[in-house]
file data-v3.cif (mmCIF, C-alpha atoms)
data_input
loop_
_atom_site.label_atom_id
_atom_site.label_comp_id
_atom_site.auth_asym_id
_atom_site.auth_seq_id
_atom_site.Cartn_x
_atom_site.Cartn_y
_atom_site.Cartn_z
CA MET A 1 104.99 148.00 162.55
CA SER A 2 105.51 148.37 158.81
CA ARG A 3 108.29 146.72 156.90
CA ALA A 4 111.06 149.13 155.97
CA ARG A 5 111.14 149.95 152.28
CA ALA A 6 114.27 150.25 150.22
CA PRO A 7 115.06 153.92 149.57
CA VAL A 8 114.45 155.43 146.15
CA SER A 9 117.10 157.77 144.84
CA ALA A 10 116.07 161.42 145.06
CA ASP A 11 119.02 162.76 143.05
CA PRO A 12 117.44 165.58 140.95
CA ARG A 13 120.01 165.03 138.21
CA ARG A 14 118.65 161.56 137.52
CA TRP A 15 115.39 160.48 136.02
CA PRO A 16 112.81 159.29 138.54
CA TRP A 17 112.65 155.52 138.91
CA TRP A 18 109.44 155.27 136.95
CA GLY A 19 110.90 157.30 134.08
CA GLN A 20 113.91 155.01 133.92
CA THR A 21 111.71 151.92 134.02
CA LEU A 22 109.40 153.15 131.27
CA ALA A 23 112.39 154.13 129.13
CA VAL A 24 113.83 150.64 129.49
CA TYR A 25 110.44 149.15 128.64
CA ALA A 26 110.11 151.37 125.55
CA LEU A 27 113.55 150.32 124.28
CA ALA A 28 112.72 146.66 124.86
CA ARG A 29 109.40 146.97 123.02
CA ALA A 30 111.11 148.78 120.13
CA TRP A 31 113.54 145.87 119.79
CA SER A 32 110.68 143.38 119.89
CA ALA A 33 108.84 145.38 117.21
CA LEU A 34 111.90 145.24 114.96
CA VAL A 35 112.19 141.49 115.51
CA LEU A 36 108.50 140.94 114.77
CA LEU A 37 108.67 143.06 111.61
CA ALA A 38 111.74 141.21 110.37
CA VAL A 39 110.22 137.79 111.02
CA ALA A 40 106.86 138.81 109.52
CA ARG A 41 108.56 139.27 106.14
CA HIS A 42 109.18 135.51 106.16
CA GLN A 43 105.71 134.52 107.39
CA VAL A 44 103.72 132.54 104.85
CA GLN A 45 99.94 132.76 104.64
CA THR A 46 98.04 131.10 107.49
CA LEU A 47 94.44 130.88 108.63
CA TRP A 48 95.06 134.02 110.67
CA VAL A 49 97.21 136.31 108.52
CA PRO A 50 98.23 136.79 104.89
CA ALA A 51 101.78 136.25 103.71
CA SER A 52 104.18 138.93 105.02
CA PRO A 53 101.55 140.40 107.37
CA SER A 54 101.67 143.91 108.76
CA TYR A 55 102.84 144.56 112.31
CA VAL A 56 99.24 145.05 113.48
CA GLN A 57 98.16 141.77 111.90
CA TYR A 58 101.13 139.88 113.27
CA THR A 59 100.64 141.04 116.85
CA GLY A 60 96.86 141.07 116.87
CA LEU A 61 95.79 137.95 115.02
CA MET A 62 98.39 135.19 115.41
CA TRP A 63 98.01 132.04 117.50
CA ASP A 64 95.86 132.41 120.66
CA SER A 65 95.02 135.98 119.68
CA GLY A 66 92.34 134.46 117.44
CA TRP A 67 90.68 132.73 120.38
CA TYR A 68 90.63 135.94 122.42
CA ARG A 69 89.22 137.83 119.43
CA ASP A 70 86.46 135.27 119.07
CA ILE A 71 85.59 135.66 122.76
CA ALA A 72 85.57 139.47 122.48
CA GLU A 73 83.32 139.43 119.42
CA HIS A 74 81.05 136.44 120.06
CA GLY A 75 81.44 135.38 123.70
CA TYR A 76 81.57 131.75 124.83
CA PRO A 77 79.59 128.82 123.35
CA PRO A 78 76.68 127.57 125.49
CA THR A 79 77.76 123.95 125.00
CA LEU A 80 81.06 122.15 124.62
CA PRO A 81 81.80 121.28 120.98
CA THR A 82 82.52 117.59 120.44
CA GLY A 83 83.80 115.51 117.55
CA PRO A 84 82.13 112.46 115.97
CA ASP A 85 83.69 110.31 118.71
CA GLY A 86 82.12 112.45 121.42
CA VAL A 87 85.48 113.84 122.59
CA VAL A 88 85.48 117.54 123.52
CA GLN A 89 87.24 119.67 120.91
CA GLN A 90 89.40 122.76 121.39
CA ASN A 91 87.13 125.66 122.26
CA PRO A 92 87.08 129.17 123.82
CA TRP A 93 86.35 127.91 127.34
CA ALA A 94 90.08 127.22 127.72
CA PHE A 95 90.74 130.98 127.62
CA PHE A 96 89.97 133.36 130.46
CA PRO A 97 87.65 136.34 129.93
CA LEU A 98 89.15 139.47 131.50
CA PHE A 99 91.57 140.49 128.71
CA PRO A 100 89.12 140.00 125.81
CA LEU A 101 86.38 141.79 127.77
CA LEU A 102 88.67 144.78 128.41
CA ALA A 103 89.55 144.85 124.71
CA ARG A 104 85.87 144.58 123.80
CA GLY A 105 85.10 147.61 125.94
CA LEU A 106 87.84 149.63 124.25
CA ILE A 107 86.61 148.54 120.82
CA ALA A 108 83.10 149.72 121.72
CA VAL A 109 84.46 153.10 122.87
CA THR A 110 86.97 153.73 120.09
CA GLY A 111 85.49 151.85 117.16
CA ALA A 112 88.98 150.58 116.32
CA PRO A 113 89.46 146.97 115.20
CA TRP A 114 90.62 144.14 117.45
CA ALA A 115 93.98 143.84 115.71
CA LEU A 116 94.83 147.39 116.74
CA VAL A 117 93.11 147.61 120.13
CA ALA A 118 94.22 144.30 121.70
CA PRO A 119 98.00 144.62 121.11
CA THR A 120 97.88 148.27 122.20
CA LEU A 121 96.06 147.28 125.37
CA ALA A 122 98.70 144.60 126.05
CA LEU A 123 101.47 147.14 125.42
CA VAL A 124 100.03 149.62 127.94
CA LEU A 125 99.31 146.93 130.53
CA GLY A 126 102.88 145.71 130.11
CA ALA A 127 104.20 149.19 130.91
CA ALA A 128 102.17 149.25 134.13
CA ALA A 129 103.37 145.71 134.88
CA VAL A 130 107.09 146.51 134.70
CA LEU A 131 106.54 149.51 136.98
CA LEU A 132 105.01 147.18 139.55
CA VAL A 133 107.80 144.65 139.00
CA HIS A 134 110.22 147.43 139.95
CA VAL A 135 108.19 148.22 143.10
CA ALA A 136 107.82 144.54 144.05
CA VAL A 137 111.57 143.90 143.86
CA ARG A 138 112.40 147.17 145.61
CA GLU A 139 110.08 146.45 148.54
CA GLY A 140 110.13 142.67 148.52
CA ALA A 141 113.89 142.10 148.43
CA PRO A 142 115.33 144.80 150.71
CA ARG A 143 118.56 142.89 151.47
CA ALA A 144 119.34 142.37 147.81
CA VAL A 145 118.46 145.96 146.91
CA ALA A 146 120.60 147.33 149.75
CA ALA A 147 123.58 145.45 148.31
CA ARG A 148 122.70 146.41 144.74
CA PRO A 149 120.47 149.51 144.48
CA GLY A 150 120.04 149.08 140.73
CA LEU A 151 118.48 145.63 141.11
CA PRO A 152 114.81 146.68 140.62
CA LEU A 153 115.55 148.50 137.35
CA ALA A 154 117.80 145.68 136.13
CA THR A 155 115.09 143.14 136.92
CA ALA A 156 112.51 145.17 135.01
CA ALA A 157 114.93 145.39 132.07
CA VAL A 158 115.47 141.62 131.97
CA VAL A 159 111.73 140.90 132.23
CA ALA A 160 110.97 143.40 129.45
CA SER A 161 113.68 141.81 127.26
CA ALA A 162 112.93 138.15 127.99
CA PRO A 163 112.89 135.66 125.09
CA ALA A 164 109.07 135.59 125.02
CA ALA A 165 108.67 139.33 125.67
CA PRO A 166 107.06 140.02 122.25
CA VAL A 167 103.81 138.75 123.80
CA LEU A 168 103.85 141.90 125.96
CA GLN A 169 102.85 143.81 122.82
CA SER A 170 100.66 141.11 121.28
CA ALA A 171 97.02 140.15 121.87
CA TYR A 172 97.93 137.76 124.69
CA THR A 173 97.20 137.84 128.42
CA GLU A 174 100.79 137.90 129.70
CA SER A 175 100.85 141.68 130.21
CA LEU A 176 97.64 141.66 132.25
CA ALA A 177 98.64 138.56 134.22
CA LEU A 178 102.09 139.99 135.01
CA LEU A 179 100.46 143.24 136.11
CA LEU A 180 98.05 141.44 138.45
CA VAL A 181 100.71 139.11 139.89
CA ALA A 182 103.01 142.04 140.66
CA ALA A 183 100.10 144.14 141.99
CA THR A 184 99.02 141.34 144.33
CA LEU A 185 102.56 140.94 145.64
CA VAL A 186 102.92 144.70 146.15
CA GLY A 187 99.58 144.84 147.97
CA LEU A 188 100.69 141.98 150.21
CA LEU A 189 104.08 143.58 150.89
CA ARG A 190 102.42 146.89 151.78
CA ARG A 191 99.83 145.06 153.89
CA GLN A 192 97.00 146.41 151.77
CA TYR A 193 95.17 143.12 151.93
CA GLY A 194 91.88 144.40 150.53
CA LEU A 195 93.61 145.67 147.40
CA ALA A 196 95.53 142.40 147.06
CA ALA A 197 92.23 140.48 147.31
CA VAL A 198 90.79 142.49 144.42
CA THR A 199 93.82 141.95 142.19
CA VAL A 200 94.09 138.23 142.95
CA LEU A 201 90.40 137.78 142.10
CA ALA A 202 91.03 139.57 138.80
CA LEU A 203 94.02 137.28 138.25
CA GLY A 204 91.68 134.30 138.48
CA LEU A 205 89.77 135.67 135.48
CA THR A 206 92.96 136.24 133.50
CA ARG A 207 95.13 133.12 133.78
CA ALA A 208 95.06 129.85 135.70
CA VAL A 209 97.81 130.95 138.10
CA ALA A 210 96.00 132.28 141.17
CA LEU A 211 96.34 129.21 143.41
CA PRO A 212 100.12 129.60 144.01
CA MET A 213 99.38 133.02 145.47
CA ALA A 214 97.70 131.27 148.40
CA LEU A 215 101.11 129.88 149.38
CA VAL A 216 102.55 133.41 149.28
CA VAL A 217 99.80 134.63 151.61
CA VAL A 218 100.53 131.80 154.06
CA VAL A 219 104.28 132.52 154.01
CA HIS A 220 103.63 136.24 154.52
CA GLY A 221 101.36 135.49 157.47
CA LEU A 222 103.93 133.16 159.07
CA VAL A 223 106.65 135.80 158.66
CA ARG A 224 104.48 138.38 160.36
CA LEU A 225 103.51 135.94 163.13
CA ARG A 226 107.15 135.13 163.82
CA ALA A 227 108.03 138.83 163.91
CA ALA A 228 105.11 139.50 166.26
CA ARG A 229 106.33 136.85 168.69
CA ARG A 230 109.71 138.61 168.76
CA GLY A 231 108.00 141.91 169.41
CA ALA A 232 109.10 143.29 166.01
CA ASP A 233 105.59 143.46 164.58
CA HIS A 234 102.02 143.89 165.75
CA LEU A 235 99.63 141.37 164.23
CA GLY A 236 96.26 142.78 165.17
CA ARG A 237 92.77 141.41 164.67
CA ARG A 238 92.30 143.49 161.53
CA ASP A 239 95.51 142.04 160.04
CA VAL A 240 94.44 138.48 160.82
CA LEU A 241 91.01 139.00 159.27
CA GLY A 242 92.54 140.69 156.24
CA LEU A 243 94.99 137.85 155.67
CA ALA A 244 92.26 135.26 156.13
CA ALA A 245 90.06 137.04 153.59
CA LEU A 246 92.96 137.29 151.17
CA LEU A 247 93.73 133.59 151.54
CA VAL A 248 90.10 132.74 150.81
CA ALA A 249 90.15 135.09 147.81
CA ALA A 250 93.27 133.41 146.41
CA GLY A 251 91.75 129.96 146.80
CA ALA A 252 88.41 131.03 145.33
CA SER A 253 90.15 132.76 142.45
CA GLY A 254 92.02 129.58 141.62
CA VAL A 255 88.81 127.60 141.09
CA ALA A 256 86.45 130.35 139.91
CA TRP A 257 86.79 129.87 136.16
CA PRO A 258 86.37 126.08 136.19
CA LEU A 259 83.21 126.59 138.26
CA VAL A 260 81.92 129.25 135.87
CA THR A 261 82.64 126.94 132.93
CA ALA A 262 80.80 124.08 134.61
CA ALA A 263 77.77 126.24 135.41
CA ALA A 264 77.58 127.77 131.93
CA THR A 265 77.88 124.50 130.00
CA GLY A 266 76.16 122.15 132.41
CA VAL A 267 79.21 119.85 132.40
CA PRO A 268 80.89 119.59 135.84
CA ASP A 269 84.38 118.97 134.44
CA ALA A 270 84.01 121.15 131.34
CA TYR A 271 87.21 123.07 131.96
CA LEU A 272 89.32 119.93 132.40
CA LEU A 273 87.78 118.31 129.32
CA THR A 274 88.57 121.45 127.34
CA GLN A 275 92.15 121.55 128.60
CA ALA A 276 92.60 117.89 127.65
CA ALA A 277 91.85 118.80 124.02
CA TRP A 278 95.25 120.51 123.84
CA ARG A 279 97.19 117.69 125.48
CA GLY A 280 98.93 114.58 124.31
CA ARG A 281 97.17 112.58 127.05
CA PRO A 282 93.40 112.04 126.79
CA ASP A 283 92.93 113.42 130.31
CA VAL A 284 94.41 116.02 132.66
CA VAL A 285 96.61 114.45 135.34
CA PRO A 286 99.32 116.05 137.50
CA VAL A 287 103.07 115.59 137.00
CA LEU A 288 102.87 112.56 134.67
CA PRO A 289 102.88 114.67 131.47
CA TRP A 290 106.40 115.80 132.38
CA LEU A 291 107.52 112.18 132.47
CA ASP A 292 105.70 111.50 129.19
CA VAL A 293 107.42 114.38 127.43
CA ALA A 294 110.83 113.49 128.88
CA ARG A 295 110.49 109.92 127.59
CA TRP A 296 109.29 111.18 124.21
CA LEU A 297 112.24 113.56 123.87
CA TRP A 298 115.07 111.47 125.31
CA GLY A 299 113.86 107.89 125.54
CA ASP A 300 112.49 105.68 128.30
CA ALA A 301 115.87 105.22 130.00
CA LEU A 302 117.47 108.64 129.66
CA GLY A 303 114.31 110.76 129.88
CA PRO A 304 113.53 110.27 133.59
CA VAL A 305 117.21 110.77 134.48
CA LEU A 306 117.40 114.08 132.63
CA LEU A 307 114.10 115.15 134.14
CA LEU A 308 115.49 114.51 137.63
CA GLY A 309 118.57 116.48 136.63
CA LEU A 310 116.42 119.45 135.60
CA LEU A 311 114.57 119.20 138.90
CA ALA A 312 117.89 119.21 140.77
CA VAL A 313 118.99 122.33 138.88
CA ALA A 314 115.70 124.07 139.75
CA VAL A 315 116.09 123.20 143.44
CA ALA A 316 119.72 124.38 143.42
CA LEU A 317 118.61 127.67 141.85
CA ALA A 318 115.89 128.10 144.48
CA LEU A 319 118.43 127.53 147.27
CA SER A 320 121.21 129.61 145.73
CA PRO A 321 122.49 132.74 147.55
CA PRO A 322 120.84 135.17 145.07
CA ALA A 323 117.50 133.40 145.55
CA ARG A 324 117.86 133.43 149.33
CA ARG A 325 118.42 137.17 149.19
CA LEU A 326 114.92 137.59 147.82
CA GLY A 327 112.30 138.42 150.38
CA PRO A 328 110.08 135.54 151.56
CA GLU A 329 107.08 136.62 149.47
CA LEU A 330 108.99 136.85 146.19
CA TRP A 331 110.74 133.56 146.89
CA ALA A 332 107.46 131.87 147.80
CA TRP A 333 105.81 133.10 144.59
CA CYS A 334 108.56 131.63 142.41
CA ALA A 335 108.59 128.35 144.34
CA GLY A 336 104.81 128.03 144.43
CA TYR A 337 104.40 128.97 140.79
CA GLY A 338 107.10 126.52 139.75
CA VAL A 339 105.53 123.65 141.68
CA TYR A 340 102.14 124.60 140.30
CA LEU A 341 103.42 124.47 136.70
CA VAL A 342 104.89 121.03 137.30
CA GLY A 343 101.60 119.88 138.78
CA VAL A 344 99.14 121.18 136.19
CA VAL A 345 100.93 122.01 132.93
CA GLU A 346 101.93 119.66 130.16
CA PRO A 347 105.49 120.83 129.39
CA GLY A 348 106.10 122.31 125.97
CA THR A 349 107.32 125.37 124.14
CA SER A 350 104.78 127.59 125.93
CA LEU A 351 106.80 127.22 129.15
CA VAL A 352 109.10 129.97 127.87
CA ARG A 353 106.13 132.31 127.81
CA PHE A 354 104.79 131.10 131.16
CA GLY A 355 108.17 131.96 132.71
CA LEU A 356 107.46 135.69 132.35
CA LEU A 357 105.23 135.56 135.41
CA ALA A 358 108.09 134.24 137.57
CA PHE A 359 109.71 137.66 137.37
CA PRO A 360 111.72 137.41 140.62
CA VAL A 361 113.87 134.82 138.82
CA ALA A 362 115.18 137.74 136.75
CA ALA A 363 116.39 139.34 140.00
CA VAL A 364 118.16 136.09 140.86
CA VAL A 365 119.89 136.04 137.47
CA VAL A 366 120.93 139.69 137.75
CA GLY A 367 122.18 139.12 141.30
CA ALA A 368 124.30 136.12 140.35
CA VAL A 369 127.37 138.37 140.08
CA ARG A 370 128.22 140.36 143.20
CA GLY A 371 131.69 141.63 142.39
CA PRO A 372 132.75 145.21 141.65
CA ALA A 373 130.26 147.56 140.00
CA ARG A 374 131.97 147.18 136.62
CA ALA A 375 131.67 143.39 136.76
CA ARG A 376 127.97 143.66 137.65
CA ARG A 377 127.34 146.03 134.74
CA ILE A 378 129.14 143.75 132.30
CA TRP A 379 127.10 140.80 133.55
CA LEU A 380 123.83 142.72 133.10
CA VAL A 381 124.80 143.71 129.56
CA LEU A 382 125.63 140.10 128.73
CA VAL A 383 122.28 138.94 130.14
CA LEU A 384 120.38 141.54 128.10
CA ILE A 385 122.28 140.70 124.91
CA THR A 386 121.52 137.02 125.47
CA CYS A 387 117.84 137.83 126.01
CA ALA A 388 117.76 139.89 122.81
CA ALA A 389 119.30 137.05 120.82
CA LEU A 390 116.99 134.44 122.33
CA GLN A 391 114.05 136.70 121.51
CA VAL A 392 115.02 136.51 117.85
CA ALA A 393 115.24 132.71 118.09
CA TRP A 394 111.89 132.48 119.92
CA THR A 395 110.06 134.69 117.42
CA TRP A 396 111.58 132.96 114.39
CA SER A 397 111.04 129.39 115.59
CA LEU A 398 107.74 129.71 117.47
CA TRP A 399 105.79 132.86 116.57
CA ARG A 400 106.45 132.27 112.85
CA LEU A 401 104.21 129.45 111.66
CA ILE A 402 104.92 127.21 108.70
CA PRO A 403 101.65 125.31 108.01
CA PRO A 404 100.21 122.78 108.36
CA SER A 405 101.45 122.63 111.96
CA GLY A 406 103.93 124.21 114.34
CA TRP A 407 104.97 124.40 117.96
CA PRO A 408 102.87 127.01 119.83
CA PRO A 409 104.59 130.03 121.40
#

call {"tool": "encode", "arguments": {"input": "data-v3.cif", "output": "structure tokens"}}
result
Amino acid sequence: MSRARAPVSADPRRWPWWGQTLAVYALARAWSALVLLAVARHQVQTLWVPASPSYVQYTGLMWDSGWYRDIAEHGYPPTLPTGPDGVVQQNPWAFFPLFPLLARGLIAVTGAPWALVAPTLALVLGAAAVLLVHVAVREGAPRAVAARPGLPLATAAVVASAPAAPVLQSAYTESLALLLVAATLVGLLRRQYGLAAVTVLALGLTRAVALPMALVVVVHGLVRLRAARRGADHLGRRDVLGLAALLVAAGASGVAWPLVTAAATGVPDAYLLTQAAWRGRPDVVPVLPWLDVARWLWGDALGPVLLLGLLAVAVALALSPPARRLGPELWAWCAGYGVYLVGVVEPGTSLVRFGLLAFPVAAVVVGAVRGPARARRIWLVLVLITCAALQVAWTWSLWRLIPPSGWPP
């Protein structure tokens, strides 16, 4: 028995859902382009771009775009570069290959330069991503959508307008990763487990975020098993095998790139050593970097207290009524991804960008107001205005670099 899908409006006087979503995405990208152009006028010369760079230079060459360009043009080094002290230095093995390889293929076909091809590729992938975000919310949160039919479009609008949304039109992997996360969730929701296995494997070659998807697969399987015991679902042998294969694919995807890095360099922990080159600690350990950063920001006494407070806020958000109205798969993705970030990421300014992949949180924010339609519309407008303002602040303070150093976006 298939899960019922939320209806899509068939009113011929209205744009189709995908037209509305793409229009929202286009408006959001136009705003981001204006912000980037305005900030670029105040950008001084860096190793990547000249002073007051063009839009193409600013979106195609800044920050990690340079690493992806190097991978696209030269591939990965056969050995890990080390300093005089023998410590592994920052190097391309920290960056996953799928996005630069796609860009490389387009460059070979079109002959256009990286700075034009890579941001354009990200822009197009972002458009496909927000369409799948719409579908994932529509089919993955049927209770919430029944109460608020405009929730999928509103969620797509908030994701497209998020503070770090300029990366959706820059030479970064967020567009591709968001597309693959949403595609995997849609495949799971539609019980197309083979398709979900393909997209989750591709995710493992895009960003280090595939492991939390294993939790989503387990939750989905438990939901189906519970429904089958009530007689509301039929969990056949093919379903069980498909879910098992998908779970294996998610787990394998989560460790694939570290294994590739180890095999290519001959160093078993090459990926971890490379990641450590970007961290304040000399090694990669779970959770403790959050405590380190909290103490550095707020002191040894206050830091841990504030960190616990932030954790309490996150738990309260996860247990809030709008979050509970999400379907189990969307909720499990946000919870699993959040726990994963706490476990493996050293907290910093890049967390704003990482938050784009937790797109169901946007549905929770939009659904925080459940009053009359006018109140819900006002709330959505306020959220979008806030996102637009924070996008200006993010681009000015993080994307703009004042040498010799700066906080990474």

call {"tool": "residues_around", "arguments": {"input": "data-v3.cif", "residues": "Asn91 of chain A", "least_positions_apart": "2", "cutoff": "12 Å", "atoms": "all atoms listed in the file", "output": "count of residues only"}}
result
32

call {"tool": "resolve_selection", "arguments": {"input": "data-v3.cif", "expression": "the PyMOL selection byres ((chain A and resi 43) around 12)", "output": "PDB file with C-alpha atoms, in the frame of the given file"}}
result
ATOM      1  CA  LEU A  36     108.500 140.940 114.770  1.00  0.00           C
ATOM      2  CA  LEU A  37     108.670 143.060 111.610  1.00  0.00           C
ATOM      3  CA  ALA A  38     111.740 141.210 110.370  1.00  0.00           C
ATOM      4  CA  VAL A  39     110.220 137.790 111.020  1.00  0.00           C
ATOM      5  CA  ALA A  40     106.860 138.810 109.520  1.00  0.00           C
ATOM      6  CA  ARG A  41     108.560 139.270 106.140  1.00  0.00           C
ATOM      7  CA  HIS A  42     109.180 135.510 106.160  1.00  0.00           C
ATOM      8  CA  VAL A  44     103.720 132.540 104.850  1.00  0.00           C
ATOM      9  CA  GLN A  45      99.940 132.760 104.640  1.00  0.00           C
ATOM     10  CA  THR A  46      98.040 131.100 107.490  1.00  0.00           C
ATOM     11  CA  LEU A  47      94.440 130.880 108.630  1.00  0.00           C
ATOM     12  CA  TRP A  48      95.060 134.020 110.670  1.00  0.00           C
ATOM     13  CA  VAL A  49      97.210 136.310 108.520  1.00  0.00           C
ATOM     14  CA  PRO A  50      98.230 136.790 104.890  1.00  0.00           C
ATOM     15  CA  ALA A  51     101.780 136.250 103.710  1.00  0.00           C
ATOM     16  CA  SER A  52     104.180 138.930 105.020  1.00  0.00           C
ATOM     17  CA  PRO A  53     101.550 140.400 107.370  1.00  0.00           C
ATOM     18  CA  SER A  54     101.670 143.910 108.760  1.00  0.00           C
ATOM     19  CA  TYR A  55     102.840 144.560 112.310  1.00  0.00           C
ATOM     20  CA  GLN A  57      98.160 141.770 111.900  1.00  0.00           C
ATOM     21  CA  TYR A  58     101.130 139.880 113.270  1.00  0.00           C
ATOM     22  CA  MET A  62      98.390 135.190 115.410  1.00  0.00           C
ATOM     23  CA  THR A 395     110.060 134.690 117.420  1.00  0.00           C
ATOM     24  CA  TRP A 396     111.580 132.960 114.390  1.00  0.00           C
ATOM     25  CA  SER A 397     111.040 129.390 115.590  1.00  0.00           C
ATOM     26  CA  LEU A 398     107.740 129.710 117.470  1.00  0.00           C
ATOM     27  CA  TRP A 399     105.790 132.860 116.570  1.00  0.00           C
ATOM     28  CA  ARG A 400     106.450 132.270 112.850  1.00  0.00           C
ATOM     29  CA  LEU A 401     104.210 129.450 111.660  1.00  0.00           C
ATOM     30  CA  ILE A 402     104.920 127.210 108.700  1.00  0.00           C
ATOM     31  CA  PRO A 403     101.650 125.310 108.010  1.00  0.00           C
TER      32      PRO A 403
END

call {"tool": "residues_around", "arguments": {"input": "data-v3.cif", "residues": "segment 296-310 of chain A", "least_positions_apart": "6", "cutoff": "12 Å", "atoms": "only C-alpha atoms", "output": "list of chain:residue names"}}
result
A:Gly280, A:Val287, A:Leu288, A:Pro289, A:Trp290, A:Ala316, A:Leu317, A:Val342, A:Pro347, A:Gly348

call {"tool": "residues_around", "arguments": {"input": "data-v3.cif", "residues": "Ala249 of chain A", "least_positions_apart": "3", "cutoff": "8 Å", "atoms": "all atoms listed in the file", "output": "ChimeraX atom specification"}}
result
/A:197,200-201,245-246,252-253

call {"tool": "residues_around", "arguments": {"input": "data-v3.cif", "residues": "segment 183-185 of chain A", "least_positions_apart": "3", "cutoff": "9 Å", "atoms": "only C-alpha atoms", "output": "ChimeraX atom specification"}}
result
/A:129,132-133,136,140,178-180,188-190,193,195-200,203,213,216,329-330,333

call {"tool": "resolve_selection", "arguments": {"input": "data-v3.cif", "expression": "the PyMOL selection byres ((chain A and resi 352) around 9)", "output": "ChimeraX atom specification"}}
result
/A:163-164,348-351,353-356,394,409

call {"tool": "build_atoms", "arguments": {"input": "data-v3.cif", "residues": "segment 233-247 of chain A", "atoms": "N, CA and C atoms", "output": "PDB file, keeping the file's coordinate frame"}}
result
ATOM      1  N   ASP A 233     106.761 143.171 165.399  1.00  0.00           N
ATOM      2  CA  ASP A 233     105.590 143.460 164.580  1.00  0.00           C
ATOM      3  C   ASP A 233     104.360 143.349 165.463  1.00  0.00           C
ATOM      4  N   HIS A 234     103.299 144.001 165.037  1.00  0.00           N
ATOM      5  CA  HIS A 234     102.020 143.890 165.750  1.00  0.00           C
ATOM      6  C   HIS A 234     101.007 143.299 164.796  1.00  0.00           C
ATOM      7  N   LEU A 235     100.591 142.069 165.072  1.00  0.00           N
ATOM      8  CA  LEU A 235      99.630 141.370 164.230  1.00  0.00           C
ATOM      9  C   LEU A 235      98.271 141.465 164.895  1.00  0.00           C
ATOM     10  N   GLY A 236      97.541 142.529 164.542  1.00  0.00           N
ATOM     11  CA  GLY A 236      96.260 142.780 165.170  1.00  0.00           C
ATOM     12  C   GLY A 236      95.119 141.986 164.552  1.00  0.00           C
ATOM     13  N   ARG A 237      93.956 142.148 165.144  1.00  0.00           N
ATOM     14  CA  ARG A 237      92.770 141.410 164.670  1.00  0.00           C
ATOM     15  C   ARG A 237      92.452 141.789 163.229  1.00  0.00           C
ATOM     16  N   ARG A 238      92.591 143.049 162.899  1.00  0.00           N
ATOM     17  CA  ARG A 238      92.300 143.490 161.530  1.00  0.00           C
ATOM     18  C   ARG A 238      93.254 142.832 160.534  1.00  0.00           C
ATOM     19  N   ASP A 239      94.529 142.699 160.916  1.00  0.00           N
ATOM     20  CA  ASP A 239      95.510 142.040 160.040  1.00  0.00           C
ATOM     21  C   ASP A 239      95.146 140.579 159.825  1.00  0.00           C
ATOM     22  N   VAL A 240      94.770 139.908 160.916  1.00  0.00           N
ATOM     23  CA  VAL A 240      94.440 138.480 160.820  1.00  0.00           C
ATOM     24  C   VAL A 240      93.229 138.283 159.907  1.00  0.00           C
ATOM     25  N   LEU A 241      92.199 139.111 160.101  1.00  0.00           N
ATOM     26  CA  LEU A 241      91.010 139.000 159.270  1.00  0.00           C
ATOM     27  C   LEU A 241      91.329 139.321 157.806  1.00  0.00           C
ATOM     28  N   GLY A 242      92.168 140.332 157.596  1.00  0.00           N
ATOM     29  CA  GLY A 242      92.540 140.690 156.240  1.00  0.00           C
ATOM     30  C   GLY A 242      93.297 139.584 155.538  1.00  0.00           C
ATOM     31  N   LEU A 243      94.237 138.960 156.252  1.00  0.00           N
ATOM     32  CA  LEU A 243      94.990 137.850 155.670  1.00  0.00           C
ATOM     33  C   LEU A 243      94.101 136.648 155.404  1.00  0.00           C
ATOM     34  N   ALA A 244      93.175 136.385 156.329  1.00  0.00           N
ATOM     35  CA  ALA A 244      92.260 135.260 156.130  1.00  0.00           C
ATOM     36  C   ALA A 244      91.386 135.496 154.903  1.00  0.00           C
ATOM     37  N   ALA A 245      90.888 136.720 154.763  1.00  0.00           N
ATOM     38  CA  ALA A 245      90.060 137.040 153.590  1.00  0.00           C
ATOM     39  C   ALA A 245      90.859 136.936 152.309  1.00  0.00           C
ATOM     40  N   LEU A 246      92.110 137.372 152.351  1.00  0.00           N
ATOM     41  CA  LEU A 246      92.960 137.290 151.170  1.00  0.00           C
ATOM     42  C   LEU A 246      93.256 135.842 150.802  1.00  0.00           C
ATOM     43  N   LEU A 247      93.479 135.013 151.806  1.00  0.00           N
ATOM     44  CA  LEU A 247      93.730 133.590 151.540  1.00  0.00           C
ATOM     45  C   LEU A 247      92.507 132.936 150.905  1.00  0.00           C
TER      46      LEU A 247
END
